[in-house]
file start37.cif (mmCIF, C-alpha atoms)
data_entry
#
loop_
_atom_site.group_PDB
_atom_site.id
_atom_site.type_symbol
_atom_site.label_atom_id
_atom_site.label_comp_id
_atom_site.auth_asym_id
_atom_site.auth_seq_id
_atom_site.Cartn_x
_atom_site.Cartn_y
_atom_site.Cartn_z
ATOM 1 C CA MET R 144 -110.281 169.227 -258.661
ATOM 2 C CA ALA R 145 -107.658 167.778 -256.291
ATOM 3 C CA ARG R 146 -109.523 169.345 -253.385
ATOM 4 C CA ARG R 147 -112.749 167.705 -254.482
ATOM 5 C CA ARG R 148 -111.070 164.258 -254.703
ATOM 6 C CA LYS R 149 -109.558 164.707 -251.265
ATOM 7 C CA LYS R 150 -112.963 165.610 -249.809
ATOM 8 C CA LEU R 151 -114.586 162.615 -251.541
ATOM 9 C CA SER R 152 -111.816 160.309 -250.270
ATOM 10 C CA SER R 153 -112.321 161.631 -246.754
ATOM 11 C CA THR R 154 -116.089 161.104 -246.974
ATOM 12 C CA ILE R 155 -115.637 157.546 -248.253
ATOM 13 C CA PHE R 156 -113.105 156.819 -245.497
ATOM 14 C CA TRP R 157 -115.490 157.986 -242.752
ATOM 15 C CA PHE R 158 -118.425 156.124 -244.301
ATOM 16 C CA LEU R 159 -116.444 152.872 -244.421
ATOM 17 C CA LEU R 160 -115.209 153.385 -240.870
ATOM 18 C CA LEU R 161 -118.769 153.943 -239.606
ATOM 19 C CA LEU R 162 -119.975 150.911 -241.553
ATOM 20 C CA ALA R 163 -117.225 148.760 -240.018
ATOM 21 C CA LEU R 164 -118.073 150.012 -236.518
ATOM 22 C CA ALA R 165 -121.791 149.417 -237.037
ATOM 23 C CA THR R 166 -121.071 145.875 -238.225
ATOM 24 C CA LEU R 167 -118.863 145.209 -235.214
ATOM 25 C CA ILE R 168 -121.470 146.566 -232.793
ATOM 26 C CA TRP R 169 -124.233 144.551 -234.471
ATOM 27 C CA GLN R 170 -122.192 141.331 -234.256
ATOM 28 C CA LYS R 171 -121.527 141.853 -230.542
ATOM 29 C CA SER R 172 -125.029 143.021 -229.689
ATOM 30 C CA ASP R 173 -127.849 141.175 -227.971
ATOM 31 C CA ILE R 174 -129.684 140.558 -231.243
ATOM 32 C CA ILE R 175 -130.981 137.101 -232.050
ATOM 33 C CA THR R 176 -130.138 136.227 -235.625
ATOM 34 C CA ALA R 177 -132.150 133.833 -237.734
ATOM 35 C CA SER R 178 -130.392 130.486 -237.725
ATOM 36 C CA THR R 179 -133.369 128.581 -239.097
ATOM 37 C CA LEU R 180 -133.280 128.635 -242.871
ATOM 38 C CA ASN R 181 -136.405 129.185 -244.898
ATOM 39 C CA ARG R 182 -137.630 125.771 -245.929
ATOM 40 C CA SER R 183 -140.239 124.120 -248.082
ATOM 41 C CA ILE R 184 -142.285 121.385 -246.481
ATOM 42 C CA LYS R 185 -144.879 119.218 -248.175
ATOM 43 C CA LEU R 186 -148.081 119.006 -246.175
ATOM 44 C CA ALA R 187 -150.959 116.584 -246.503
ATOM 45 C CA SER R 188 -154.013 118.306 -247.921
ATOM 46 C CA ASN R 189 -156.015 117.647 -244.752
ATOM 47 C CA SER R 190 -153.325 118.837 -242.345
ATOM 48 C CA VAL R 191 -154.053 122.588 -242.531
ATOM 49 C CA GLN R 192 -157.100 124.311 -241.065
ATOM 50 C CA VAL R 193 -157.681 127.938 -242.096
ATOM 51 C CA TYR R 194 -159.636 130.512 -240.073
ATOM 52 C CA PHE R 195 -160.344 134.213 -240.463
ATOM 53 C CA SER R 196 -161.622 136.775 -238.018
ATOM 54 C CA PRO R 197 -163.633 138.681 -237.057
ATOM 55 C CA GLU R 198 -166.275 136.035 -237.786
ATOM 56 C CA GLY R 199 -164.331 132.869 -238.531
ATOM 57 C CA GLY R 200 -163.861 131.195 -235.171
ATOM 58 C CA CYS R 201 -160.158 131.902 -234.586
ATOM 59 C CA GLU R 202 -160.443 132.089 -230.805
ATOM 60 C CA GLN R 203 -162.412 128.836 -230.566
ATOM 61 C CA ALA R 204 -159.930 127.081 -232.872
ATOM 62 C CA VAL R 205 -157.021 128.144 -230.640
ATOM 63 C CA ILE R 206 -158.893 126.973 -227.533
ATOM 64 C CA ARG R 207 -159.784 123.588 -229.096
ATOM 65 C CA THR R 208 -156.164 123.038 -230.057
ATOM 66 C CA ILE R 209 -154.904 124.009 -226.588
ATOM 67 C CA ASN R 210 -157.496 121.693 -225.050
ATOM 68 C CA SER R 211 -156.123 118.809 -227.142
ATOM 69 C CA ALA R 212 -152.574 119.223 -225.764
ATOM 70 C CA LYS R 213 -151.190 116.248 -223.850
ATOM 71 C CA LYS R 214 -147.577 117.197 -222.998
ATOM 72 C CA THR R 215 -146.358 120.636 -224.081
ATOM 73 C CA ILE R 216 -147.519 124.050 -225.257
ATOM 74 C CA ASP R 217 -144.958 126.664 -226.294
ATOM 75 C CA VAL R 218 -146.377 130.076 -227.221
ATOM 76 C CA ALA R 219 -144.722 133.136 -228.778
ATOM 77 C CA ILE R 220 -147.371 135.847 -228.930
ATOM 78 C CA TYR R 221 -147.077 139.578 -229.533
ATOM 79 C CA SER R 222 -150.244 140.648 -227.716
ATOM 80 C CA PHE R 223 -152.409 138.568 -225.383
ATOM 81 C CA THR R 224 -155.661 139.873 -223.852
ATOM 82 C CA SER R 225 -158.084 136.983 -224.448
ATOM 83 C CA ARG R 226 -159.418 135.723 -221.123
ATOM 84 C CA LYS R 227 -160.873 132.591 -222.750
ATOM 85 C CA ILE R 228 -157.542 131.540 -224.255
ATOM 86 C CA ALA R 229 -155.772 132.333 -220.965
ATOM 87 C CA GLN R 230 -158.278 130.154 -219.105
ATOM 88 C CA SER R 231 -157.695 127.284 -221.527
ATOM 89 C CA LEU R 232 -153.932 127.528 -220.878
ATOM 90 C CA VAL R 233 -154.532 127.458 -217.114
ATOM 91 C CA ALA R 234 -156.760 124.384 -217.548
ATOM 92 C CA ALA R 235 -153.993 122.705 -219.589
ATOM 93 C CA LYS R 236 -151.466 123.510 -216.862
ATOM 94 C CA LYS R 237 -153.787 121.905 -214.293
ATOM 95 C CA ARG R 238 -153.925 118.775 -216.520
ATOM 96 C CA GLY R 239 -150.138 118.551 -216.275
ATOM 97 C CA VAL R 240 -149.222 120.097 -219.632
ATOM 98 C CA ARG R 241 -145.896 121.979 -219.564
ATOM 99 C CA ILE R 242 -146.477 125.528 -220.820
ATOM 100 C CA ARG R 243 -143.962 128.246 -221.717
ATOM 101 C CA ILE R 244 -144.888 131.646 -223.120
ATOM 102 C CA ILE R 245 -142.845 134.431 -224.708
ATOM 103 C CA MET R 246 -144.557 137.830 -224.992
ATOM 104 C CA ASP R 247 -143.580 141.235 -226.297
ATOM 105 C CA ARG R 248 -142.438 143.370 -223.379
ATOM 106 C CA ASP R 249 -144.205 146.588 -224.371
ATOM 107 C CA GLN R 250 -147.478 145.059 -225.557
ATOM 108 C CA ASN R 251 -147.956 143.114 -222.359
ATOM 109 C CA ARG R 252 -147.525 145.971 -219.900
ATOM 110 C CA SER R 253 -151.142 147.041 -220.367
ATOM 111 C CA LYS R 254 -153.785 146.352 -217.759
ATOM 112 C CA TYR R 255 -155.595 144.118 -220.281
ATOM 113 C CA SER R 256 -152.642 141.788 -220.777
ATOM 114 C CA LYS R 257 -153.101 138.258 -219.428
ATOM 115 C CA LYS R 258 -149.462 138.086 -218.334
ATOM 116 C CA ARG R 259 -150.169 138.576 -214.619
ATOM 117 C CA TYR R 260 -153.158 136.221 -214.707
ATOM 118 C CA LEU R 261 -151.024 133.442 -216.214
ATOM 119 C CA GLN R 262 -148.139 134.083 -213.820
ATOM 120 C CA LYS R 263 -150.571 133.730 -210.925
ATOM 121 C CA TYR R 264 -150.922 130.091 -212.012
ATOM 122 C CA ARG R 265 -147.136 129.713 -212.234
ATOM 123 C CA ILE R 266 -146.988 129.577 -216.000
ATOM 124 C CA PRO R 267 -143.469 130.716 -216.935
ATOM 125 C CA ILE R 268 -143.380 133.803 -219.142
ATOM 126 C CA ALA R 269 -140.417 135.460 -220.819
ATOM 127 C CA THR R 270 -140.425 138.887 -222.451
ATOM 128 C CA ASN R 271 -138.047 140.262 -225.052
ATOM 129 C CA ARG R 272 -135.170 142.552 -224.156
ATOM 130 C CA GLY R 273 -133.301 145.073 -226.227
ATOM 131 C CA GLU R 274 -134.382 146.657 -229.469
ATOM 132 C CA GLY R 275 -137.140 145.423 -231.702
ATOM 133 C CA LEU R 276 -140.435 143.693 -231.157
ATOM 134 C CA MET R 277 -141.189 140.088 -230.325
ATOM 135 C CA HIS R 278 -143.769 140.081 -233.101
ATOM 136 C CA HIS R 279 -144.283 136.338 -233.537
ATOM 137 C CA LYS R 280 -147.756 134.867 -233.256
ATOM 138 C CA PHE R 281 -147.378 131.113 -232.981
ATOM 139 C CA ALA R 282 -147.795 128.157 -230.677
ATOM 140 C CA VAL R 283 -146.409 124.635 -230.852
ATOM 141 C CA ILE R 284 -148.560 121.889 -229.348
ATOM 142 C CA ASP R 285 -146.915 118.567 -228.379
ATOM 143 C CA THR R 286 -144.265 119.136 -231.109
ATOM 144 C CA GLN R 287 -146.964 118.012 -233.561
ATOM 145 C CA VAL R 288 -149.188 121.016 -234.298
ATOM 146 C CA VAL R 289 -148.403 124.657 -235.135
ATOM 147 C CA ILE R 290 -150.848 127.518 -234.625
ATOM 148 C CA THR R 291 -149.737 130.590 -236.591
ATOM 149 C CA GLY R 292 -150.951 133.585 -238.582
ATOM 150 C CA SER R 293 -151.576 137.287 -238.087
ATOM 151 C CA TYR R 294 -154.039 136.573 -235.270
ATOM 152 C CA ASN R 295 -152.962 137.987 -231.889
ATOM 153 C CA TRP R 296 -154.667 136.379 -228.917
ATOM 154 C CA THR R 297 -156.717 139.491 -228.195
ATOM 155 C CA VAL R 298 -160.331 140.520 -227.890
ATOM 156 C CA SER R 299 -159.854 143.029 -230.747
ATOM 157 C CA ALA R 300 -158.391 140.387 -233.063
ATOM 158 C CA ASN R 301 -161.346 138.133 -232.367
ATOM 159 C CA ILE R 302 -164.170 140.685 -232.612
ATOM 160 C CA TYR R 303 -162.985 143.595 -234.794
ATOM 161 C CA ASN R 304 -159.804 142.926 -236.763
ATOM 162 C CA HIS R 305 -159.378 141.127 -240.060
ATOM 163 C CA GLU R 306 -156.912 138.393 -239.150
ATOM 164 C CA ASN R 307 -155.890 134.939 -240.328
ATOM 165 C CA LEU R 308 -155.044 131.794 -238.414
ATOM 166 C CA LEU R 309 -153.606 128.480 -239.570
ATOM 167 C CA ILE R 310 -153.559 125.282 -237.547
ATOM 168 C CA ILE R 311 -151.085 122.929 -239.164
ATOM 169 C CA LYS R 312 -150.609 119.292 -238.172
ATOM 170 C CA SER R 313 -147.013 118.579 -239.166
ATOM 171 C CA PRO R 314 -144.318 117.214 -236.825
ATOM 172 C CA GLU R 315 -141.659 118.397 -239.295
ATOM 173 C CA LEU R 316 -142.976 121.971 -239.302
ATOM 174 C CA ALA R 317 -143.525 121.875 -235.533
ATOM 175 C CA LYS R 318 -139.844 121.011 -235.021
ATOM 176 C CA ILE R 319 -138.797 124.091 -237.013
ATOM 177 C CA TYR R 320 -141.064 126.349 -234.948
ATOM 178 C CA GLU R 321 -139.909 124.628 -231.753
ATOM 179 C CA LYS R 322 -136.298 125.393 -232.673
ATOM 180 C CA GLU R 323 -137.142 129.093 -233.072
ATOM 181 C CA PHE R 324 -139.051 129.099 -229.790
ATOM 182 C CA THR R 325 -136.244 127.349 -227.886
ATOM 183 C CA LYS R 326 -133.658 129.800 -229.244
ATOM 184 C CA MET R 327 -135.733 132.754 -228.029
ATOM 185 C CA TRP R 328 -136.567 131.074 -224.708
ATOM 186 C CA ARG R 329 -132.890 130.525 -223.913
ATOM 187 C CA HIS R 330 -132.188 134.131 -224.802
ATOM 188 C CA TYR R 331 -135.060 135.795 -222.915
ATOM 189 C CA TYR R 332 -136.003 133.584 -219.964
ATOM 190 C CA HIS R 333 -134.148 134.216 -216.698
#

call {"tool": "encode", "arguments": {"input": "start37.cif", "output": "structure tokens"}}
result
Amino acid sequence: MARRRKKLSSTIFWFLLLLALATLIWQKSDIITASTLNRSIKLASNSVQVYFSPEGGCEQAVIRTINSAKKTIDVAIYSFTSRKIAQSLVAAKKRGVRIRIIMDRDQNRSKYSKKRYLQKYRIPIATNRGEGLMHHKFAVIDTQVVITGSYNWTVSANIYNHENLLIIKSPELAKIYEKEFTKMWRHYYH
């Protein structure tokens, strides 16, 4: 019985030591932690547009919203292969709109990714480092409008996949998304 207690005590000791080390490593690591609290925001009933793919016009809704930008477009997108959306971003850049994009490193290494095309037009792009995915799918337009949902900016999402897209006109919500974007941008862009 005493032997069993000693073994259990030893196991607990090593478990707690490993837990303490893991916590210390996690705190010192290159992980971005969520500093934006979950919030409730009241929205006007006409401030949200809802789209579904494959047949609901998601790609055109994104393009229309990009085309309406006057000052800034900040994009955090997991996968980006849509030539039409890329072209609308280039057109916005030529109009003088400041554009910044964060993409997932692994997803945007493919030959179909629009990363190189956008960089050719000197649109700054950051990619995530370290563990984990940059799995966001959102854009903030002029700190007034948020585009978000499951919809990746890809040909597959537009033609084949069942996806959702929300376009939300809310400066308050846009500021929350902008805060998340800025935190990631400072962390990833060099």

call {"tool": "resolve_selection", "arguments": {"input": "start37.cif", "expression": "the PyMOL selection byres ((chain R and resi 301) around 9)", "output": "list in words"}}
result
Ser196, Pro197, Glu198, Gly199, Gly200, Cys201, Glu202, Ser225, Tyr294, Asn295, Trp296, Thr297, Val298, Ser299, Ala300, Ile302, Tyr303, Asn304, His305 and Glu306 of chain R

call {"tool": "write_last_selection", "arguments": {"input": "start37.cif", "atoms": "C-alpha atoms", "output": "mmCIF file, keeping the file's coordinate frame"}}
result
data_model
loop_
_atom_site.group_PDB
_atom_site.id
_atom_site.type_symbol
_atom_site.label_atom_id
_atom_site.label_comp_id
_atom_site.auth_asym_id
_atom_site.auth_seq_id
_atom_site.Cartn_x
_atom_site.Cartn_y
_atom_site.Cartn_z
ATOM 1 C CA SER R 196 -161.622 136.775 -238.018
ATOM 2 C CA PRO R 197 -163.633 138.681 -237.057
ATOM 3 C CA GLU R 198 -166.275 136.035 -237.786
ATOM 4 C CA GLY R 199 -164.331 132.869 -238.531
ATOM 5 C CA GLY R 200 -163.861 131.195 -235.171
ATOM 6 C CA CYS R 201 -160.158 131.902 -234.586
ATOM 7 C CA GLU R 202 -160.443 132.089 -230.805
ATOM 8 C CA SER R 225 -158.084 136.983 -224.448
ATOM 9 C CA TYR R 294 -154.039 136.573 -235.270
ATOM 10 C CA ASN R 295 -152.962 137.987 -231.889
ATOM 11 C CA TRP R 296 -154.667 136.379 -228.917
ATOM 12 C CA THR R 297 -156.717 139.491 -228.195
ATOM 13 C CA VAL R 298 -160.331 140.520 -227.890
ATOM 14 C CA SER R 299 -159.854 143.029 -230.747
ATOM 15 C CA ALA R 300 -158.391 140.387 -233.063
ATOM 16 C CA ILE R 302 -164.170 140.685 -232.612
ATOM 17 C CA TYR R 303 -162.985 143.595 -234.794
ATOM 18 C CA ASN R 304 -159.804 142.926 -236.763
ATOM 19 C CA HIS R 305 -159.378 141.127 -240.060
ATOM 20 C CA GLU R 306 -156.912 138.393 -239.150
#

call {"tool": "closest_residue", "arguments": {"input": "start37.cif", "among": "R:Ser313, R:Asn271, R:Ser231, R:Thr325", "to": "Asn251 (chain R)", "atoms": "only C-alpha atoms"}}
result
R:Asn271

call {"tool": "atom_distance", "arguments": {"input": "start37.cif", "atom1": "CA of Glu321 (chain R)", "atom2": "CA of Arg252 (chain R)"}}
result
25.6 Å

call {"tool": "residues_around", "arguments": {"input": "start37.cif", "residues": "Thr224 (chain R)", "least_positions_apart": "5", "cutoff": "6 Å", "atoms": "only C-alpha atoms", "output": "MDAnalysis selection string"}}
result
chainID R and resid 255:257 297

call {"tool": "closest_residue", "arguments": {"input": "start37.cif", "among": "R:Ile290, R:Ala282, R:Pro314, R:Met327", "to": "Gln192 (chain R)", "atoms": "all atoms listed in the file"}}
result
R:Ile290

call {"tool": "closest_residue", "arguments": {"input": "start37.cif", "among": "R:Tyr264, R:Ala219, R:Ile310, R:Ile319", "to": "Gln203 (chain R)", "atoms": "all atoms listed in the file"}}
result
R:Ile310

call {"tool": "closest_residue", "arguments": {"input": "start37.cif", "among": "R:Lys322, R:His278, R:Arg207, R:Lys214", "to": "Ile245 (chain R)", "atoms": "only C-alpha atoms"}}
result
R:His278

call {"tool": "closest_residue", "arguments": {"input": "start37.cif", "among": "R:Ala212, R:Ser222, R:Thr270, R:Val289", "to": "Gly239 (chain R)", "atoms": "all atoms listed in the file"}}
result
R:Ala212

call {"tool": "resolve_selection", "arguments": {"input": "start37.cif", "expression": "the PyMOL selection byres ((chain R and resi 232) around 9)", "output": "list in words"}}
result
Ile206, Ile209, Asn210, Ile216, Lys227, Ile228, Ala229, Gln230, Ser231, Val233, Ala234, Ala235, Lys236, Lys237, Val240, Ile242, Leu261 and Ile266 of chain R

call {"tool": "resolve_selection", "arguments": {"input": "start37.cif", "expression": "the PyMOL selection byres ((chain R and resi 244) around 7)", "output": "PyMOL selection string"}}
result
chain R and resi 217-219+242-243+245-246+267-269

call {"tool": "atom_distance", "arguments": {"input": "start37.cif", "atom1": "CA of Val288 (chain R)", "atom2": "CA of Ala317 (chain R)"}}
result
5.9 Å

call {"tool": "closest_residue", "arguments": {"input": "start37.cif", "among": "R:Ser253, R:Gly273, R:His279, R:Lys263", "to": "His330 (chain R)", "atoms": "only C-alpha atoms"}}
result
R:Gly273
